[in-house]
>>> print(open('data.csv').read())   # CSV, C-alpha atoms
chain,number,residue,atom,x,y,z
A,26,MET,CA,13.7,5.1,-0.6
A,27,ASN,CA,14.3,3.0,-3.7
A,28,HIS,CA,15.1,-0.4,-2.3
A,29,ARG,CA,16.6,-2.9,-4.8
A,30,ILE,CA,18.7,-6.1,-5.0
A,31,LEU,CA,22.0,-5.5,-6.8
A,32,GLY,CA,23.3,-9.0,-7.0
A,33,LEU,CA,23.2,-12.6,-5.8
A,34,THR,CA,26.2,-14.8,-4.8
A,35,VAL,CA,25.8,-18.6,-4.4
A,36,ARG,CA,28.4,-21.2,-3.7
A,37,ASN,CA,28.1,-25.0,-3.7
A,38,PHE,CA,24.3,-25.0,-4.0
A,39,ARG,CA,23.4,-27.8,-6.5
A,40,THR,CA,25.4,-26.8,-9.6
A,41,LEU,CA,26.1,-23.3,-8.5
A,42,THR,CA,29.6,-23.6,-7.2
A,43,ASP,CA,30.7,-20.0,-7.6
A,44,THR,CA,27.9,-17.9,-9.1
A,45,LYS,CA,28.0,-14.1,-8.9
A,46,LEU,CA,24.9,-12.8,-10.6
A,47,PRO,CA,24.3,-9.1,-11.1
A,48,LEU,CA,20.6,-8.1,-10.9
A,49,GLY,CA,19.2,-5.0,-12.7
A,50,PRO,CA,15.6,-3.9,-13.2
A,51,LEU,CA,15.2,-6.7,-15.8
A,52,THR,CA,17.5,-9.7,-15.9
A,53,VAL,CA,17.0,-12.5,-18.4
A,54,MET,CA,18.9,-15.8,-18.2
A,55,VAL,CA,19.4,-18.0,-21.3
A,56,GLY,CA,21.2,-21.2,-21.8
A,57,PRO,CA,20.7,-25.0,-22.5
A,58,ASN,CA,18.7,-27.2,-20.2
A,59,ALA,CA,20.5,-28.2,-17.0
A,60,ALA,CA,22.8,-25.1,-17.2
A,61,GLY,CA,21.7,-24.0,-13.8
A,62,LYS,CA,19.1,-21.3,-14.5
A,63,SER,CA,16.4,-22.9,-12.4
A,64,ASN,CA,18.9,-23.4,-9.6
A,65,VAL,CA,19.4,-19.6,-9.4
A,66,LEU,CA,15.6,-19.3,-8.8
A,67,HIS,CA,15.7,-22.1,-6.3
A,68,ALA,CA,18.5,-20.4,-4.3
A,69,LEU,CA,16.3,-17.2,-4.0
A,70,GLU,CA,13.4,-19.4,-3.1
A,71,PHE,CA,15.5,-21.0,-0.4
A,72,LEU,CA,16.4,-17.7,1.1
A,73,GLY,CA,12.7,-16.8,1.2
A,74,ASP,CA,11.9,-20.0,3.0
A,75,VAL,CA,14.7,-19.3,5.6
A,76,THR,CA,13.1,-16.0,6.3
A,77,ARG,CA,9.6,-17.4,6.7
A,78,LYS,CA,10.4,-20.7,8.4
A,79,GLY,CA,14.0,-20.9,9.5
A,80,VAL,CA,17.2,-22.6,8.3
A,81,GLU,CA,16.4,-26.2,9.4
A,82,PRO,CA,12.8,-26.4,8.0
A,83,ALA,CA,14.0,-24.9,4.7
A,84,LEU,CA,16.7,-27.6,4.5
A,85,GLU,CA,14.5,-30.5,5.5
A,86,GLU,CA,11.8,-29.6,2.9
A,87,ARG,CA,14.4,-30.0,0.2
A,88,GLY,CA,15.9,-33.3,1.4
A,89,GLY,CA,18.6,-31.9,3.7
A,90,PHE,CA,22.2,-30.7,3.3
A,91,GLU,CA,23.3,-33.6,1.0
A,92,ALA,CA,20.5,-33.0,-1.4
A,93,LEU,CA,21.4,-29.3,-1.9
A,94,ALA,CA,25.2,-29.5,-1.8
A,95,PHE,CA,27.2,-29.7,-5.1
A,96,ARG,CA,27.8,-33.4,-5.9
A,97,GLY,CA,30.8,-33.0,-8.3
A,98,GLY,CA,34.5,-33.1,-7.5
A,99,ARG,CA,36.5,-35.6,-5.5
A,100,ASN,CA,35.3,-34.7,-2.0
A,101,PRO,CA,31.9,-33.9,-0.6
A,102,VAL,CA,31.1,-30.2,0.0
A,103,SER,CA,31.2,-29.1,3.6
A,104,LYS,CA,29.7,-25.6,3.2
A,105,ILE,CA,26.9,-23.9,1.2
A,106,SER,CA,26.6,-20.2,1.1
A,107,PHE,CA,24.1,-17.6,-0.2
A,108,GLY,CA,24.6,-13.8,-0.4
A,109,VAL,CA,22.7,-10.8,-1.6
A,110,GLU,CA,23.8,-7.2,-2.1
A,111,GLY,CA,21.3,-4.4,-2.3
A,112,VAL,CA,20.1,-1.0,-1.1
A,113,TRP,CA,18.1,-1.2,2.1
A,114,SER,CA,19.6,1.3,4.6
A,115,ASP,CA,19.5,5.1,4.3
A,116,PHE,CA,23.0,5.6,3.1
A,117,ALA,CA,23.6,2.5,1.1
A,118,SER,CA,24.4,2.8,-2.6
A,119,GLU,CA,25.7,0.7,-5.6
A,120,GLU,CA,29.2,1.8,-4.5
A,121,ALA,CA,28.6,0.9,-0.9
A,122,PRO,CA,25.9,-1.7,-0.8
A,123,ASP,CA,24.2,-3.4,2.1
A,124,SER,CA,24.7,-7.1,2.2
A,125,TYR,CA,23.4,-10.3,3.8
A,126,GLU,CA,25.3,-13.7,3.7
A,127,LEU,CA,24.2,-17.1,5.0
A,128,SER,CA,26.5,-20.0,5.2
A,129,ILE,CA,25.5,-23.5,6.3
A,130,SER,CA,28.4,-25.8,7.3
A,131,ARG,CA,28.5,-29.6,7.9
A,132,ARG,CA,31.3,-31.2,9.9
A,133,ARG,CA,31.9,-34.8,10.9
A,134,LEU,CA,31.8,-35.5,14.7
A,135,PRO,CA,34.9,-37.1,16.3
A,136,GLU,CA,35.2,-40.7,17.4
A,137,PRO,CA,33.1,-42.7,18.3
A,138,ARG,CA,30.4,-40.8,16.4
A,139,HIS,CA,32.5,-40.1,13.3
A,140,ARG,CA,29.8,-41.3,11.0
A,141,GLU,CA,27.5,-38.6,12.1
A,142,HIS,CA,27.5,-34.9,11.1
A,143,VAL,CA,26.5,-31.7,12.7
A,144,LEU,CA,25.2,-28.6,11.0
A,145,SER,CA,25.8,-24.9,11.9
A,146,ARG,CA,25.0,-21.6,10.3
A,147,GLN,CA,26.9,-18.4,9.9
A,148,GLU,CA,25.1,-15.1,9.1
A,149,ARG,CA,26.4,-11.6,8.4
A,150,PHE,CA,24.5,-8.4,7.8
A,151,ILE,CA,26.2,-5.2,6.8
A,152,GLN,CA,24.3,-1.9,6.6
A,153,HIS,CA,25.0,1.7,6.1
A,154,PRO,CA,22.5,3.4,8.5
A,155,CYS,CA,24.5,6.7,8.8
A,156,ALA,CA,26.7,8.7,6.5
A,157,GLY,CA,30.2,7.3,6.5
A,158,THR,CA,29.2,4.6,9.0
A,159,GLU,CA,28.9,0.9,8.6
A,160,SER,CA,27.1,-1.4,11.0
A,161,SER,CA,27.2,-5.2,11.1
A,162,VAL,CA,25.6,-8.2,12.6
A,163,GLU,CA,27.5,-11.5,12.8
A,164,LEU,CA,26.1,-14.9,14.0
A,165,THR,CA,28.6,-17.7,14.4
A,166,GLY,CA,28.0,-20.9,16.3
A,167,SER,CA,26.0,-20.1,19.4
A,168,ALA,CA,26.9,-16.4,19.6
A,169,GLY,CA,26.0,-13.2,17.9
A,170,VAL,CA,27.9,-9.9,17.7
A,171,VAL,CA,26.3,-6.6,16.8
A,172,HIS,CA,28.5,-3.6,15.8
A,173,SER,CA,26.3,-0.6,15.5
A,174,PRO,CA,26.3,3.0,16.6
A,175,SER,CA,22.7,2.5,17.9
A,176,VAL,CA,23.5,-0.3,20.4
A,177,THR,CA,25.9,0.6,23.2
A,178,ASP,CA,28.5,3.2,23.9
A,179,ASP,CA,31.3,1.1,22.5
A,180,SER,CA,29.0,0.2,19.5
A,181,LYS,CA,29.2,-3.5,20.3
A,182,ALA,CA,26.9,-6.0,21.9
A,183,ARG,CA,27.0,-9.8,22.2
A,184,VAL,CA,24.1,-12.2,22.4
A,185,LYS,CA,23.8,-16.0,23.0
A,186,LEU,CA,21.6,-18.0,20.7
A,187,GLY,CA,21.0,-21.4,19.2
A,188,ARG,CA,23.4,-22.9,16.7
A,189,MET,CA,20.9,-22.9,13.8
A,190,VAL,CA,18.9,-19.8,14.8
A,191,SER,CA,18.6,-17.3,11.9
A,192,ALA,CA,18.3,-13.5,12.6
A,193,LEU,CA,16.6,-13.5,9.2
A,194,HIS,CA,13.8,-15.6,10.6
A,195,GLN,CA,13.7,-14.7,14.3
A,196,THR,CA,13.4,-11.0,14.7
A,197,GLN,CA,13.9,-10.9,18.5
A,198,VAL,CA,17.4,-12.5,18.7
A,199,LEU,CA,19.3,-9.3,18.1
A,200,PRO,CA,19.6,-6.3,20.5
A,201,LEU,CA,18.7,-3.8,17.8
A,202,PRO,CA,15.8,-1.4,18.4
A,203,GLU,CA,13.4,-1.8,15.6
A,204,ASP,CA,13.1,1.9,15.1
A,205,SER,CA,16.9,2.3,14.8
A,206,PRO,CA,18.5,2.8,11.4
A,207,SER,CA,20.3,-0.6,11.7
A,208,GLY,CA,17.2,-2.3,13.0
A,209,LYS,CA,15.1,-0.9,10.1
A,210,ALA,CA,17.7,-2.1,7.5
A,211,VAL,CA,17.7,-5.7,8.9
A,212,SER,CA,13.8,-5.6,8.8
A,213,GLU,CA,13.8,-4.4,5.2
A,214,VAL,CA,16.1,-7.3,4.1
A,215,ARG,CA,13.9,-9.7,5.9
A,216,HIS,CA,10.7,-8.2,4.4
A,217,HIS,CA,12.0,-8.3,0.8
A,218,LEU,CA,13.5,-11.7,0.9
A,219,ALA,CA,10.3,-13.2,2.4
A,220,ARG,CA,8.3,-11.8,-0.4
A,221,ILE,CA,10.4,-12.9,-3.4
A,222,ARG,CA,8.0,-14.5,-5.8
A,223,VAL,CA,9.1,-17.4,-8.0
A,224,PHE,CA,6.3,-17.5,-10.6
A,225,ASP,CA,5.8,-20.9,-12.4
A,226,PRO,CA,2.1,-21.1,-13.2
A,227,ASP,CA,0.2,-24.4,-12.8
A,228,VAL,CA,-2.3,-24.0,-15.7
A,229,ARG,CA,-4.7,-26.6,-14.3
A,230,ALA,CA,-4.9,-24.7,-11.0
A,231,ALA,CA,-5.1,-21.3,-12.7
A,232,ARG,CA,-8.1,-22.5,-14.8
A,233,LYS,CA,-10.2,-23.2,-11.7
A,234,PRO,CA,-12.5,-20.7,-9.8
A,235,SER,CA,-10.8,-19.3,-6.7
A,236,ALA,CA,-12.1,-18.1,-3.4
A,237,VAL,CA,-12.9,-14.4,-3.1
A,238,THR,CA,-10.7,-13.2,-0.2
A,239,GLU,CA,-10.2,-10.0,1.7
A,240,SER,CA,-6.5,-10.9,2.6
A,241,GLU,CA,-3.4,-9.3,1.1
A,242,TRP,CA,-3.5,-8.8,-2.6
A,243,HIS,CA,-1.0,-11.2,-3.9
A,244,LEU,CA,-0.8,-13.5,-7.0
A,245,LYS,CA,0.6,-16.8,-5.9
A,246,GLY,CA,3.6,-18.4,-7.5
A,247,ASP,CA,1.5,-21.2,-9.1
A,248,ALA,CA,-1.3,-18.7,-10.1
A,249,SER,CA,-3.9,-20.8,-8.3
A,250,ASN,CA,-5.7,-17.7,-7.2
A,251,LEU,CA,-5.7,-16.1,-10.6
A,252,ALA,CA,-9.4,-15.4,-10.7
A,253,ASP,CA,-9.4,-13.7,-7.3
A,254,PHE,CA,-6.4,-11.6,-8.3
A,255,LEU,CA,-8.0,-10.5,-11.5
A,256,LEU,CA,-11.2,-9.6,-9.7
A,257,ARG,CA,-9.2,-7.2,-7.6
A,258,LEU,CA,-7.1,-6.0,-10.5
A,259,ARG,CA,-10.3,-5.0,-12.3
A,260,GLU,CA,-10.8,-2.3,-9.6
A,261,ASN,CA,-7.7,-0.6,-11.0
A,262,GLY,CA,-9.2,0.9,-14.2
A,263,ASP,CA,-6.1,1.9,-16.1
A,264,THR,CA,-4.2,-1.3,-15.4
A,265,TRP,CA,-7.2,-3.4,-16.2
A,266,GLU,CA,-7.7,-1.7,-19.6
A,267,LEU,CA,-4.1,-2.2,-20.5
A,268,LEU,CA,-4.3,-5.9,-19.5
A,269,GLU,CA,-7.4,-6.4,-21.7
A,270,GLU,CA,-5.7,-4.6,-24.6
A,271,ASP,CA,-2.6,-6.8,-24.2
A,272,ILE,CA,-4.6,-10.1,-24.1
A,273,ARG,CA,-6.4,-9.0,-27.3
A,274,THR,CA,-3.0,-8.4,-28.9
A,275,ALA,CA,-1.7,-11.8,-27.7
A,276,VAL,CA,-4.9,-13.7,-28.5
A,277,PRO,CA,-6.8,-11.7,-31.1
A,278,GLN,CA,-10.0,-13.9,-30.8
A,279,ILE,CA,-10.6,-12.5,-27.3
A,280,ARG,CA,-12.8,-9.4,-27.0
A,281,LYS,CA,-13.1,-9.0,-23.3
A,282,ILE,CA,-12.4,-10.7,-19.9
A,283,HIS,CA,-15.3,-11.1,-17.5
A,284,MET,CA,-15.2,-12.0,-13.8
A,285,SER,CA,-18.3,-14.0,-12.6
A,286,LEU,CA,-19.2,-15.0,-9.1
A,287,VAL,CA,-20.1,-18.7,-8.8
A,288,PRO,CA,-23.5,-18.7,-7.1
A,289,GLY,CA,-23.5,-19.9,-3.5
A,290,SER,CA,-19.8,-20.8,-3.4
A,291,GLY,CA,-17.9,-17.7,-2.5
A,292,GLN,CA,-15.8,-18.2,-5.5
A,293,VAL,CA,-15.1,-16.2,-8.7
A,294,GLU,CA,-14.2,-17.6,-12.1
A,295,VAL,CA,-12.8,-16.0,-15.3
A,296,GLU,CA,-14.9,-16.1,-18.5
A,297,LEU,CA,-13.7,-14.9,-22.0
A,298,GLU,CA,-15.8,-13.2,-24.6
A,299,GLU,CA,-14.6,-14.4,-28.0
A,300,GLU,CA,-15.0,-13.1,-31.5
A,301,SER,CA,-17.8,-14.9,-33.5
A,302,LEU,CA,-18.9,-17.1,-30.6
A,303,ARG,CA,-22.1,-16.8,-28.7
A,304,GLY,CA,-21.9,-16.7,-24.9
A,305,ARG,CA,-18.7,-16.8,-23.0
A,306,THR,CA,-15.9,-19.3,-22.7
A,307,ARG,CA,-15.0,-20.4,-19.2
A,308,LEU,CA,-11.2,-20.2,-18.5
A,309,ALA,CA,-11.5,-23.9,-17.6
A,310,ASP,CA,-12.3,-24.6,-21.3
A,311,ALA,CA,-9.8,-22.2,-22.8
A,312,SER,CA,-6.6,-23.4,-24.5
A,313,TRP,CA,-3.5,-24.1,-22.4
A,314,GLY,CA,-1.6,-21.3,-24.1
A,315,THR,CA,-4.4,-18.8,-23.6
A,316,VAL,CA,-4.4,-19.5,-19.8
A,317,ARG,CA,-0.6,-19.3,-19.6
A,318,VAL,CA,-0.4,-15.9,-21.4
A,319,LEU,CA,-3.1,-14.6,-19.1
A,320,CYS,CA,-1.1,-15.7,-16.1
A,321,MET,CA,2.0,-13.9,-17.5
A,322,LEU,CA,0.2,-10.7,-18.2
A,323,ALA,CA,-1.4,-10.8,-14.7
A,324,VAL,CA,1.9,-11.1,-12.9
A,325,ILE,CA,3.5,-8.4,-15.2
A,326,HIS,CA,0.7,-6.0,-14.6
A,327,ASP,CA,0.7,-6.5,-10.8
A,328,PRO,CA,0.5,-2.9,-9.5
A,329,GLU,CA,2.0,-3.8,-6.1
A,330,PRO,CA,4.7,-6.4,-6.9
A,331,PRO,CA,7.4,-7.7,-4.5
A,332,LEU,CA,10.9,-6.3,-4.8
A,333,LEU,CA,11.8,-9.3,-7.0
A,334,THR,CA,9.7,-11.5,-9.2
A,335,CYS,CA,11.3,-14.6,-10.8
A,336,ILE,CA,9.5,-16.1,-13.9
A,337,GLU,CA,10.4,-19.6,-14.9
A,338,GLU,CA,10.4,-20.3,-18.7
A,339,ILE,CA,8.3,-17.2,-19.7
A,340,ASP,CA,8.1,-18.3,-23.3
A,341,HIS,CA,6.8,-21.8,-22.6
A,342,GLY,CA,3.6,-22.4,-24.7
A,343,LEU,CA,3.4,-18.9,-26.1
A,344,HIS,CA,3.4,-17.8,-29.7
A,345,PRO,CA,6.7,-16.1,-30.7
A,346,HIS,CA,4.9,-12.8,-31.7
A,347,VAL,CA,3.7,-12.5,-28.1
A,348,LEU,CA,7.2,-12.4,-26.6
A,349,SER,CA,8.1,-8.9,-27.9
A,350,LEU,CA,5.0,-7.6,-26.2
A,351,LEU,CA,5.9,-9.3,-22.9
A,352,THR,CA,9.5,-8.0,-23.1
A,353,LEU,CA,8.1,-4.4,-23.5
A,354,ARG,CA,5.7,-4.9,-20.6
A,355,LEU,CA,8.4,-6.4,-18.4
A,356,ARG,CA,10.7,-3.5,-19.0
A,357,GLU,CA,7.8,-1.1,-18.0
A,358,ALA,CA,6.9,-3.2,-15.0
A,359,SER,CA,10.5,-3.2,-13.8
A,360,ALA,CA,10.0,0.4,-12.7
A,361,ARG,CA,7.8,-1.0,-9.9
A,362,GLY,CA,9.7,-4.2,-9.1
A,363,GLN,CA,12.7,-6.2,-10.4
A,364,PHE,CA,12.2,-9.2,-12.7
A,365,LEU,CA,14.5,-12.2,-13.1
A,366,VAL,CA,13.4,-14.3,-16.1
A,367,THR,CA,14.5,-17.6,-17.7
A,368,THR,CA,13.9,-18.3,-21.4
A,369,HIS,CA,15.0,-20.4,-24.4
A,370,SER,CA,13.5,-18.0,-27.0
A,371,PRO,CA,15.8,-16.2,-29.4
A,372,VAL,CA,12.8,-14.0,-30.3
A,373,LEU,CA,12.6,-12.7,-26.7
A,374,VAL,CA,16.4,-12.2,-26.5
A,375,ASN,CA,16.2,-10.2,-29.7
A,376,ALA,CA,14.1,-7.6,-27.8
A,377,LEU,CA,16.6,-7.3,-24.9
A,378,GLU,CA,19.4,-4.8,-24.2
A,379,PRO,CA,22.9,-6.3,-23.7
A,380,GLU,CA,22.8,-5.3,-20.0
A,381,GLU,CA,19.6,-7.4,-19.5
A,382,LEU,CA,21.1,-10.7,-20.8
A,383,ILE,CA,22.8,-13.3,-18.7
A,384,VAL,CA,24.3,-16.3,-20.6
A,385,CYS,CA,24.5,-19.6,-18.7
A,386,GLU,CA,26.6,-22.7,-19.3
A,387,ARG,CA,27.4,-26.0,-17.7
A,388,LEU,CA,31.0,-27.0,-17.4
A,389,PRO,CA,32.5,-30.5,-17.8
A,390,SER,CA,33.0,-30.6,-14.0
A,391,GLY,CA,29.2,-30.5,-13.5
A,392,ALA,CA,29.3,-26.9,-12.2
A,393,SER,CA,27.4,-24.0,-13.8
A,394,ARG,CA,29.1,-20.9,-15.2
A,395,ILE,CA,26.8,-18.0,-14.6
A,396,PRO,CA,27.4,-15.5,-16.2
A,397,ALA,CA,29.3,-17.3,-18.9
A,398,ARG,CA,30.0,-14.0,-20.7
A,399,SER,CA,30.7,-10.6,-19.3
A,400,LEU,CA,28.7,-7.6,-20.5
A,401,GLU,CA,31.9,-6.3,-22.2
A,402,ASP,CA,32.2,-9.6,-24.1
A,403,ILE,CA,28.6,-9.5,-25.2
A,404,GLN,CA,28.9,-6.0,-26.5
A,405,ARG,CA,32.2,-6.9,-28.3
A,406,VAL,CA,30.5,-9.8,-30.1
A,407,ILE,CA,27.6,-7.6,-31.1
A,408,GLU,CA,29.9,-4.9,-32.6
A,409,LYS,CA,32.0,-7.5,-34.4
A,410,SER,CA,28.8,-9.0,-35.9
A,411,GLU,CA,27.9,-5.6,-37.2
A,412,TYR,CA,24.9,-5.5,-34.8
A,413,GLU,CA,23.2,-8.7,-35.6
A,414,PRO,CA,20.2,-9.3,-33.4
A,415,MET,CA,21.3,-10.6,-30.0
A,416,GLY,CA,18.9,-13.5,-30.0
A,417,ASP,CA,20.2,-14.7,-33.3
A,418,LEU,CA,23.8,-14.4,-32.0
A,419,TRP,CA,23.0,-16.5,-29.0
A,420,TYR,CA,21.1,-19.1,-31.0
A,421,SER,CA,24.1,-19.5,-33.4
A,422,GLY,CA,26.4,-20.0,-30.4
A,423,ALA,CA,28.4,-16.8,-30.8
A,424,LEU,CA,27.5,-15.7,-27.3
A,425,GLY,CA,27.9,-19.1,-25.7
A,426,GLY,CA,25.2,-20.9,-23.8
A,427,ALA,CA,24.4,-23.2,-26.8
A,428,LEU,CA,24.0,-27.0,-26.9
>>> encode(input="data.csv", output="structure tokens")
Amino acid sequence: MNHRILGLTVRNFRTLTDTKLPLGPLTVMVGPNAAGKSNVLHALEFLGDVTRKGVEPALEERGGFEALAFRGGRNPVSKISFGVEGVWSDFASEEAPDSYELSISRRRLPEPRHREHVLSRQERFIQHPCAGTESSVELTGSAGVVHSPSVTDDSKARVKLGRMVSALHQTQVLPLPEDSPSGKAVSEVRHHLARIRVFDPDVRAARKPSAVTESEWHLKGDASNLADFLLRLRENGDTWELLEEDIRTAVPQIRKIHMSLVPGSGQVEVELEEESLRGRTRLADASWGTVRVLCMLAVIHDPEPPLLTCIEEIDHGLHPHVLSLLTLRLREASARGQFLVTTHSPVLVNALEPEELIVCERLPSGASRIPARSLEDIQRVIEKSEYEPMGDLWYSGALGGAL
């Protein structure tokens, strides 16, 4: 089954007061600094942490409810919510998608503790496990209700649970058989949200040798295990050849990538064979831009990516001529997994299709407007300009999202 995420809804999270973002195979967000692009990635990262750790730890790691709630307007925000739509159950579709929503509410306690607050969560899953049938799971306060043809004769079951317990995190709280269609759909949502990758390479960490592991093949979000990942990628001949071909296009001085085991350490490091130079250049001694482009090519050529990979500022530190190649490879890779990318580069935007572009803006109220332009508006501007390149139109301000 072709699982995919169709859209993300975020309300009152940082600057995202009412964001409804469609997600296709490749989605690229553009706009000025502080427009809210990174907050979209942070919202997805938060959902991943809820899945792996629970609601309260995910909040505490980010400074608590007040640190995440929108700080504009006259009154403090009392509820933050996140929602995703997608295809996870057998009979879901774009017209009848599955969905998951998490809301976190904060209310003031009555006298004499009126200066204190209490948090609660609400969760709702909707799946389509059978033709013409919708099942749902709702968690409110300390109770959970399951409506599913696979649970009881009257298709309804109630459970008691903790006020902040998440069914996204704790798999045993729901009376859903894991092998039932509804149980499988909830498991798929959990699995995919837990594996969302927000890729923002730490070049210093990526330069270093990394331990050779036998664990799950996965390139970390900071690329700190780049050498180990490339060692495994080398075993995939066709993919490795294409990556080497791409790095030669991006950095013409490079002839070949070598992987060398560091004697007695259990680590592997990357070495580059360069034109006109004797010996090899360790990645630790390569330029900042060379390391970063290698990180980007590695994540794009990942043969087993998560359902969604988010890439922060893909153009940062890269030559403009490299961006057309990266856009082409991103579009090819989106057949294996979805990509959500942020950029400030008109050159990269020039290589996009209109349906791949999301323009972002910041309103005087402090809230983000994402998308700032509908697809129909973008297409209308392109036609009116007699098909000027889309990146040039955005840079000139014709599509919005300018300074």
>>> residues_around(input="data.csv", residues="region 189-196 of chain A", least_positions_apart="6", cutoff="7 Å", atoms="all atoms listed in the file", output="VMD selection string")
chain A and resid 75 to 80 145 to 146 215
>>> closest_residue(input="data.csv", among="A:Ile282, A:Val374, A:Ala94, A:Leu355", to="Glu413 (chain A)", atoms="all atoms listed in the file")
A:Val374
>>> atom_distance(input="data.csv", atom1="CA of Gly108 (chain A)", atom2="CA of Thr34 (chain A)")
4.8 Å
>>> residues_around(input="data.csv", residues="region 309-311 of chain A", least_positions_apart="6", cutoff="9 Å", atoms="all atoms listed in the file", output="ChimeraX atom specification")
/A:229,231-234,294-297
>>> atom_distance(input="data.csv", atom1="CA of Gly61 (chain A)", atom2="CA of Val384 (chain A)")
10.6 Å
